[in-house]
>>> print(open('target-v6.cif').read())   # mmCIF, C-alpha atoms
data_entry
#
loop_
_atom_site.group_PDB
_atom_site.id
_atom_site.type_symbol
_atom_site.label_atom_id
_atom_site.label_comp_id
_atom_site.auth_asym_id
_atom_site.auth_seq_id
_atom_site.Cartn_x
_atom_site.Cartn_y
_atom_site.Cartn_z
ATOM 1 C CA MET Y 1 10.422 -10.613 16.636
ATOM 2 C CA PRO Y 2 12.229 -7.223 16.461
ATOM 3 C CA ALA Y 3 15.564 -6.940 14.661
ATOM 4 C CA LEU Y 4 18.781 -7.697 16.527
ATOM 5 C CA SER Y 5 21.049 -4.767 17.376
ATOM 6 C CA ILE Y 6 24.646 -5.886 18.039
ATOM 7 C CA ARG Y 7 27.109 -3.825 20.070
ATOM 8 C CA ALA Y 8 30.052 -4.205 22.415
ATOM 9 C CA PHE Y 9 29.338 -5.316 25.980
ATOM 10 C CA ALA Y 10 29.106 -2.516 28.544
ATOM 11 C CA PRO Y 11 29.482 -3.007 32.326
ATOM 12 C CA PRO Y 12 25.759 -2.352 33.010
ATOM 13 C CA ASP Y 13 25.017 -5.456 30.880
ATOM 14 C CA GLU Y 14 26.672 -7.812 33.373
ATOM 15 C CA ASP Y 15 23.580 -9.005 35.257
ATOM 16 C CA ALA Y 16 21.631 -9.560 32.034
ATOM 17 C CA VAL Y 17 24.524 -11.465 30.423
ATOM 18 C CA VAL Y 18 25.015 -13.721 33.450
ATOM 19 C CA ALA Y 19 21.260 -14.424 33.521
ATOM 20 C CA LEU Y 20 21.313 -15.174 29.765
ATOM 21 C CA TRP Y 21 24.209 -17.608 30.154
ATOM 22 C CA ALA Y 22 22.451 -19.360 33.042
ATOM 23 C CA ASN Y 23 19.197 -19.538 31.048
ATOM 24 C CA CYS Y 24 21.146 -21.061 28.131
ATOM 25 C CA GLU Y 25 22.864 -23.553 30.487
ATOM 26 C CA LEU Y 26 26.337 -22.245 29.621
ATOM 27 C CA THR Y 27 27.510 -21.724 33.187
ATOM 28 C CA ARG Y 28 29.400 -24.377 35.102
ATOM 29 C CA PRO Y 29 30.202 -24.552 38.842
ATOM 30 C CA TRP Y 30 33.941 -24.332 38.199
ATOM 31 C CA ASN Y 31 33.635 -21.171 36.055
ATOM 32 C CA ASP Y 32 32.461 -18.001 37.722
ATOM 33 C CA PRO Y 33 30.717 -16.108 34.893
ATOM 34 C CA ARG Y 34 31.315 -12.737 36.542
ATOM 35 C CA ARG Y 35 35.028 -13.473 36.748
ATOM 36 C CA ASP Y 36 34.985 -14.563 33.105
ATOM 37 C CA ILE Y 37 33.433 -11.206 32.203
ATOM 38 C CA GLN Y 38 35.974 -9.234 34.258
ATOM 39 C CA ARG Y 39 38.841 -11.163 32.690
ATOM 40 C CA LYS Y 40 37.498 -10.536 29.192
ATOM 41 C CA LEU Y 41 37.230 -6.818 29.828
ATOM 42 C CA THR Y 42 41.018 -6.712 30.299
ATOM 43 C CA THR Y 43 41.738 -8.203 26.850
ATOM 44 C CA GLN Y 44 40.062 -7.273 23.564
ATOM 45 C CA ALA Y 45 36.901 -6.056 25.269
ATOM 46 C CA GLU Y 46 35.642 -4.869 21.880
ATOM 47 C CA LEU Y 47 35.265 -8.535 20.888
ATOM 48 C CA PHE Y 48 32.728 -9.184 23.653
ATOM 49 C CA LEU Y 49 29.419 -8.616 21.871
ATOM 50 C CA VAL Y 50 25.819 -8.497 22.986
ATOM 51 C CA GLY Y 51 22.640 -8.469 20.950
ATOM 52 C CA GLU Y 52 19.478 -6.617 21.871
ATOM 53 C CA SER Y 53 15.993 -7.094 20.518
ATOM 54 C CA GLY Y 54 13.242 -4.710 21.523
ATOM 55 C CA GLY Y 55 15.583 -3.142 24.085
ATOM 56 C CA VAL Y 56 16.203 -6.487 25.822
ATOM 57 C CA LEU Y 57 19.587 -8.238 25.874
ATOM 58 C CA VAL Y 58 18.928 -11.596 24.200
ATOM 59 C CA ALA Y 59 22.306 -12.699 22.790
ATOM 60 C CA SER Y 60 26.035 -12.699 23.491
ATOM 61 C CA ALA Y 61 29.338 -13.828 22.018
ATOM 62 C CA MET Y 62 32.778 -13.521 23.595
ATOM 63 C CA ALA Y 63 35.596 -13.683 21.024
ATOM 64 C CA GLY Y 64 39.350 -13.291 21.005
ATOM 65 C CA TYR Y 65 42.302 -13.393 18.622
ATOM 66 C CA ASP Y 66 45.809 -14.413 19.658
ATOM 67 C CA GLY Y 67 47.551 -13.589 16.382
ATOM 68 C CA HIS Y 68 47.245 -17.183 15.148
ATOM 69 C CA ARG Y 69 43.622 -18.217 15.650
ATOM 70 C CA GLY Y 70 40.388 -16.656 16.736
ATOM 71 C CA TRP Y 71 38.163 -18.211 19.365
ATOM 72 C CA VAL Y 72 34.556 -17.712 20.316
ATOM 73 C CA ASN Y 73 32.968 -18.589 23.645
ATOM 74 C CA TYR Y 74 29.640 -17.942 25.314
ATOM 75 C CA LEU Y 75 27.599 -17.692 22.132
ATOM 76 C CA ALA Y 76 24.132 -17.508 23.625
ATOM 77 C CA VAL Y 77 20.658 -16.711 22.374
ATOM 78 C CA ALA Y 78 17.756 -16.609 24.799
ATOM 79 C CA PRO Y 79 15.697 -19.788 24.292
ATOM 80 C CA ALA Y 80 12.542 -17.758 23.572
ATOM 81 C CA CYS Y 81 14.377 -15.955 20.738
ATOM 82 C CA ARG Y 82 15.918 -18.951 18.979
ATOM 83 C CA GLY Y 83 15.049 -19.667 15.377
ATOM 84 C CA GLN Y 84 15.084 -15.965 14.454
ATOM 85 C CA GLY Y 85 18.611 -15.927 12.994
ATOM 86 C CA TYR Y 86 20.115 -14.155 16.009
ATOM 87 C CA GLY Y 87 22.837 -16.769 16.568
ATOM 88 C CA ARG Y 88 23.816 -16.550 12.912
ATOM 89 C CA GLN Y 89 23.932 -12.737 13.147
ATOM 90 C CA MET Y 90 26.102 -12.866 16.268
ATOM 91 C CA MET Y 91 28.532 -15.271 14.605
ATOM 92 C CA ARG Y 92 28.648 -13.113 11.468
ATOM 93 C CA ALA Y 93 29.498 -10.076 13.625
ATOM 94 C CA VAL Y 94 32.281 -12.023 15.381
ATOM 95 C CA GLU Y 95 33.658 -13.291 12.078
ATOM 96 C CA GLN Y 96 33.657 -9.798 10.539
ATOM 97 C CA ARG Y 97 35.527 -8.300 13.480
ATOM 98 C CA LEU Y 98 38.096 -11.106 13.430
ATOM 99 C CA VAL Y 99 38.647 -10.772 9.677
ATOM 100 C CA GLU Y 100 39.258 -7.044 10.202
ATOM 101 C CA LEU Y 101 42.036 -8.037 12.633
ATOM 102 C CA GLY Y 102 43.585 -10.352 10.022
ATOM 103 C CA CYS Y 103 42.452 -13.560 11.725
ATOM 104 C CA PRO Y 104 42.778 -16.501 9.288
ATOM 105 C CA LYS Y 105 40.718 -19.110 11.193
ATOM 106 C CA LEU Y 106 38.101 -19.187 13.935
ATOM 107 C CA ASN Y 107 37.964 -22.066 16.409
ATOM 108 C CA LEU Y 108 35.319 -22.938 18.952
ATOM 109 C CA GLN Y 109 34.439 -25.763 21.250
ATOM 110 C CA VAL Y 110 31.066 -27.438 21.646
ATOM 111 C CA ARG Y 111 30.263 -29.637 24.607
ATOM 112 C CA ALA Y 112 29.733 -33.239 23.554
ATOM 113 C CA GLU Y 113 26.302 -33.302 25.231
ATOM 114 C CA ASN Y 114 25.035 -30.460 23.005
ATOM 115 C CA PRO Y 115 24.279 -31.893 19.537
ATOM 116 C CA ALA Y 116 21.945 -28.960 18.723
ATOM 117 C CA ALA Y 117 24.866 -26.522 19.040
ATOM 118 C CA LEU Y 118 27.068 -28.763 16.928
ATOM 119 C CA ALA Y 119 24.397 -28.881 14.199
ATOM 120 C CA PHE Y 120 23.992 -25.075 14.371
ATOM 121 C CA TYR Y 121 27.703 -24.492 13.768
ATOM 122 C CA GLN Y 122 27.818 -27.081 10.990
ATOM 123 C CA ARG Y 123 24.986 -25.214 9.225
ATOM 124 C CA LEU Y 124 27.210 -22.104 9.392
ATOM 125 C CA GLY Y 125 30.037 -23.938 7.635
ATOM 126 C CA TYR Y 126 32.082 -25.052 10.637
ATOM 127 C CA GLN Y 127 33.442 -28.568 10.616
ATOM 128 C CA VAL Y 128 34.943 -30.869 13.183
ATOM 129 C CA ASP Y 129 38.747 -30.514 13.268
ATOM 130 C CA ALA Y 130 40.871 -33.604 13.794
ATOM 131 C CA ALA Y 131 42.169 -32.335 17.129
ATOM 132 C CA VAL Y 132 41.776 -33.138 20.797
ATOM 133 C CA SER Y 133 40.910 -30.306 23.141
ATOM 134 C CA LEU Y 134 43.010 -30.231 26.292
ATOM 135 C CA GLY Y 135 42.667 -27.940 29.259
ATOM 136 C CA LYS Y 136 44.374 -27.117 32.519
ATOM 137 C CA ARG Y 137 42.940 -24.773 35.123
ATOM 138 C CA LEU Y 138 45.584 -22.249 36.160
ATOM 139 C CA ILE Y 139 43.397 -20.164 38.501
ATOM 140 C CA ALA Y 140 40.502 -21.711 40.409
ATOM 141 C CA ASP Y 141 37.213 -19.800 40.480
ATOM 142 C CA ASP Y 142 36.166 -20.873 43.955
#
>>> encode(input="target-v6.cif", output="C-alpha cells")
Amino acid sequence: MPALSIRAFAPPDEDAVVALWANCELTRPWNDPRRDIQRKLTTQAELFLVGESGGVLVASAMAGYDGHRGWVNYLAVAPACRGQGYGRQMMRAVEQRLVELGCPKLNLQVRAENPAALAFYQRLGYQVDAAVSLGKRLIADD
C-alpha cells in the first residue's frame, strides 16, 4: 500500500469525499454531506483534511477548535485501505494542527453501534468521558 499524503480539502475533492463517507457508512439521511462540506469550508477550512494514497483519496478528517475544545468528525478510511495506519496518521495530523492552535483537549463522538471505531480510538489513547452527548438540530437538511 503506498504512503498516505495528507493535505487540506479542496473543492474538487467533494465527490470523492462524499463517496468515501458513504462507503464508510458515515452518512445519515438527516445530514446532507454536501451541506456539511459547504458549512465546513466557511469555518477553519484548513482543518478539513484528506489523505491520498497512490493518487486516490482514501481518507478524511474534519476538525474544528472553538477556543475551548477541539472536535473531530468524519474520520474515514476506505475499507480496502484499513489496517495500514492511515486512520492513525489522519488523527495525528489533526492533533498536530490543533496543538499548533493551542487546543488543550480533543473530543469526538462515536456511534454506539460502532465498537470497532471505539476500539480504534482507545488504541490511540482516547478514553470515554463521563458526559452525555446532547444535540438539537437548528437547521434541517431536507
>>> resolve_selection(input="target-v6.cif", expression="the PyMOL selection byres ((chain Y and resi 70-81) around 8)", output="ChimeraX atom specification")
/Y:1,20-21,23-24,26,58-69,82-84,86-87,90-91,94,98,103-109
>>> closest_residue(input="target-v6.cif", among="Y:Ala45, Y:Ala3, Y:Val17, Y:Ala10", to="Pro33 (chain Y)", atoms="all atoms listed in the file")
Y:Val17
>>> atom_distance(input="target-v6.cif", atom1="CA of Asp13 (chain Y)", atom2="CA of Leu57 (chain Y)")
7.9 Å
>>> residues_around(input="target-v6.cif", residues="Ala140 (chain Y)", least_positions_apart="2", cutoff="12 Å", atoms="only C-alpha atoms", output="compact mmCIF listing (two decimals) with C-alpha atoms, in the coordinates of the input")
# COMPACT_ATOMS: atom_id res chain seq x y z
CA PRO Y 29 30.20 -24.55 38.84
CA TRP Y 30 33.94 -24.33 38.20
CA ASN Y 31 33.64 -21.17 36.06
CA ASP Y 32 32.46 -18.00 37.72
CA ARG Y 35 35.03 -13.47 36.75
CA ASP Y 36 34.98 -14.56 33.10
CA LYS Y 136 44.37 -27.12 32.52
CA ARG Y 137 42.94 -24.77 35.12
CA LEU Y 138 45.58 -22.25 36.16
CA ASP Y 142 36.17 -20.87 43.96
>>> closest_residue(input="target-v6.cif", among="Y:Arg97, Y:Arg111, Y:Arg88, Y:Arg123", to="Phe48 (chain Y)", atoms="only C-alpha atoms")
Y:Arg97
>>> residues_near_point(input="target-v6.cif", point="(25.7, -3.1, 18.9)", cutoff="7 Å", atoms="all atoms listed in the file", output="list in words")
Ser5, Ile6, Arg7, Ala8, Val50 and Gly51 of chain Y
>>> atom_distance(input="target-v6.cif", atom1="CA of Ser53 (chain Y)", atom2="CA of Leu4 (chain Y)")
4.9 Å
>>> closest_residue(input="target-v6.cif", among="Y:Ala16, Y:Ala93, Y:Ala112, Y:Leu124", to="Glu46 (chain Y)", atoms="only C-alpha atoms")
Y:Ala93
>>> closest_residue(input="target-v6.cif", among="Y:Ala22, Y:Ala130, Y:Ile37, Y:Ile139", to="Phe9 (chain Y)", atoms="only C-alpha atoms")
Y:Ile37
>>> atom_distance(input="target-v6.cif", atom1="CA of Ala119 (chain Y)", atom2="CA of Asp15 (chain Y)")
29.0 Å
>>> decode(input="target-v6.cif", residues="region 14-25 of chain Y", atoms="all heavy atoms", output="mmCIF file, in the first residue's frame")
data_model
loop_
_atom_site.group_PDB
_atom_site.id
_atom_site.type_symbol
_atom_site.label_atom_id
_atom_site.label_comp_id
_atom_site.auth_asym_id
_atom_site.auth_seq_id
_atom_site.Cartn_x
_atom_site.Cartn_y
_atom_site.Cartn_z
ATOM 1 N N GLU Y 14 -14.772 17.083 -3.486
ATOM 2 C CA GLU Y 14 -16.092 16.874 -2.894
ATOM 3 C C GLU Y 14 -16.723 15.536 -3.262
ATOM 4 O O GLU Y 14 -17.174 14.799 -2.373
ATOM 5 C CB GLU Y 14 -17.042 18.015 -3.249
ATOM 6 C CG GLU Y 14 -18.388 17.871 -2.572
ATOM 7 C CD GLU Y 14 -19.296 19.076 -2.752
ATOM 8 O OE1 GLU Y 14 -18.802 20.217 -2.799
ATOM 9 O OE2 GLU Y 14 -20.516 18.847 -2.840
ATOM 10 N N ASP Y 15 -16.787 15.203 -4.531
ATOM 11 C CA ASP Y 15 -17.433 13.940 -4.925
ATOM 12 C C ASP Y 15 -16.733 12.734 -4.298
ATOM 13 O O ASP Y 15 -17.390 11.808 -3.814
ATOM 14 C CB ASP Y 15 -17.456 13.792 -6.445
ATOM 15 C CG ASP Y 15 -18.437 14.745 -7.118
ATOM 16 O OD1 ASP Y 15 -19.334 15.278 -6.437
ATOM 17 O OD2 ASP Y 15 -18.285 14.968 -8.341
ATOM 18 N N ALA Y 16 -15.401 12.753 -4.293
ATOM 19 C CA ALA Y 16 -14.652 11.631 -3.730
ATOM 20 C C ALA Y 16 -14.873 11.529 -2.222
ATOM 21 O O ALA Y 16 -14.985 10.423 -1.679
ATOM 22 C CB ALA Y 16 -13.161 11.772 -4.040
ATOM 23 N N VAL Y 17 -14.940 12.664 -1.532
ATOM 24 C CA VAL Y 17 -15.158 12.646 -0.081
ATOM 25 C C VAL Y 17 -16.556 12.125 0.239
ATOM 26 O O VAL Y 17 -16.723 11.273 1.119
ATOM 27 C CB VAL Y 17 -14.922 14.040 0.533
ATOM 28 C CG1 VAL Y 17 -15.440 14.104 1.957
ATOM 29 C CG2 VAL Y 17 -13.440 14.384 0.494
ATOM 30 N N VAL Y 18 -17.563 12.598 -0.473
ATOM 31 C CA VAL Y 18 -18.927 12.127 -0.230
ATOM 32 C C VAL Y 18 -19.018 10.622 -0.493
ATOM 33 O O VAL Y 18 -19.635 9.885 0.284
ATOM 34 C CB VAL Y 18 -19.946 12.929 -1.070
ATOM 35 C CG1 VAL Y 18 -21.333 12.301 -0.998
ATOM 36 C CG2 VAL Y 18 -19.990 14.380 -0.607
ATOM 37 N N ALA Y 19 -18.385 10.149 -1.548
ATOM 38 C CA ALA Y 19 -18.382 8.708 -1.845
ATOM 39 C C ALA Y 19 -17.658 7.932 -0.736
ATOM 40 O O ALA Y 19 -18.116 6.859 -0.326
ATOM 41 C CB ALA Y 19 -17.724 8.449 -3.193
ATOM 42 N N LEU Y 20 -16.536 8.470 -0.245
ATOM 43 C CA LEU Y 20 -15.806 7.828 0.850
ATOM 44 C C LEU Y 20 -16.689 7.716 2.080
ATOM 45 O O LEU Y 20 -16.778 6.651 2.703
ATOM 46 C CB LEU Y 20 -14.536 8.625 1.169
ATOM 47 C CG LEU Y 20 -13.757 8.187 2.408
ATOM 48 C CD1 LEU Y 20 -13.125 6.806 2.196
ATOM 49 C CD2 LEU Y 20 -12.690 9.225 2.752
ATOM 50 N N TRP Y 21 -17.336 8.810 2.461
ATOM 51 C CA TRP Y 21 -18.196 8.799 3.643
ATOM 52 C C TRP Y 21 -19.329 7.787 3.495
ATOM 53 O O TRP Y 21 -19.656 7.078 4.436
ATOM 54 C CB TRP Y 21 -18.751 10.180 3.915
ATOM 55 C CG TRP Y 21 -17.731 11.189 4.346
ATOM 56 C CD1 TRP Y 21 -16.432 10.961 4.707
ATOM 57 C CD2 TRP Y 21 -17.921 12.589 4.457
ATOM 58 N NE1 TRP Y 21 -15.812 12.140 5.027
ATOM 59 C CE2 TRP Y 21 -16.695 13.152 4.887
ATOM 60 C CE3 TRP Y 21 -19.005 13.441 4.217
ATOM 61 C CZ2 TRP Y 21 -16.544 14.525 5.098
ATOM 62 C CZ3 TRP Y 21 -18.851 14.795 4.428
ATOM 63 C CH2 TRP Y 21 -17.635 15.331 4.872
ATOM 64 N N ALA Y 22 -19.916 7.721 2.305
ATOM 65 C CA ALA Y 22 -20.991 6.744 2.073
ATOM 66 C C ALA Y 22 -20.442 5.322 2.180
ATOM 67 O O ALA Y 22 -21.053 4.456 2.812
ATOM 68 C CB ALA Y 22 -21.632 6.985 0.711
ATOM 69 N N ASN Y 23 -19.278 5.082 1.586
ATOM 70 C CA ASN Y 23 -18.643 3.764 1.620
ATOM 71 C C ASN Y 23 -18.292 3.346 3.054
ATOM 72 O O ASN Y 23 -18.313 2.158 3.384
ATOM 73 C CB ASN Y 23 -17.389 3.769 0.742
ATOM 74 C CG ASN Y 23 -16.867 2.394 0.432
ATOM 75 O OD1 ASN Y 23 -17.599 1.412 0.431
ATOM 76 N ND2 ASN Y 23 -15.580 2.310 0.151
ATOM 77 N N CYS Y 24 -17.991 4.335 3.900
ATOM 78 C CA CYS Y 24 -17.654 4.070 5.302
ATOM 79 C C CYS Y 24 -18.880 4.118 6.210
ATOM 80 O O CYS Y 24 -18.750 4.015 7.436
ATOM 81 C CB CYS Y 24 -16.610 5.078 5.786
ATOM 82 S SG CYS Y 24 -15.017 4.890 4.973
ATOM 83 N N GLU Y 25 -20.059 4.278 5.621
ATOM 84 C CA GLU Y 25 -21.337 4.315 6.345
ATOM 85 C C GLU Y 25 -21.388 5.437 7.383
ATOM 86 O O GLU Y 25 -21.939 5.279 8.465
ATOM 87 C CB GLU Y 25 -21.624 2.953 6.986
ATOM 88 C CG GLU Y 25 -21.739 1.841 5.956
ATOM 89 C CD GLU Y 25 -22.021 0.471 6.551
ATOM 90 O OE1 GLU Y 25 -22.164 0.350 7.786
ATOM 91 O OE2 GLU Y 25 -22.100 -0.480 5.760
#
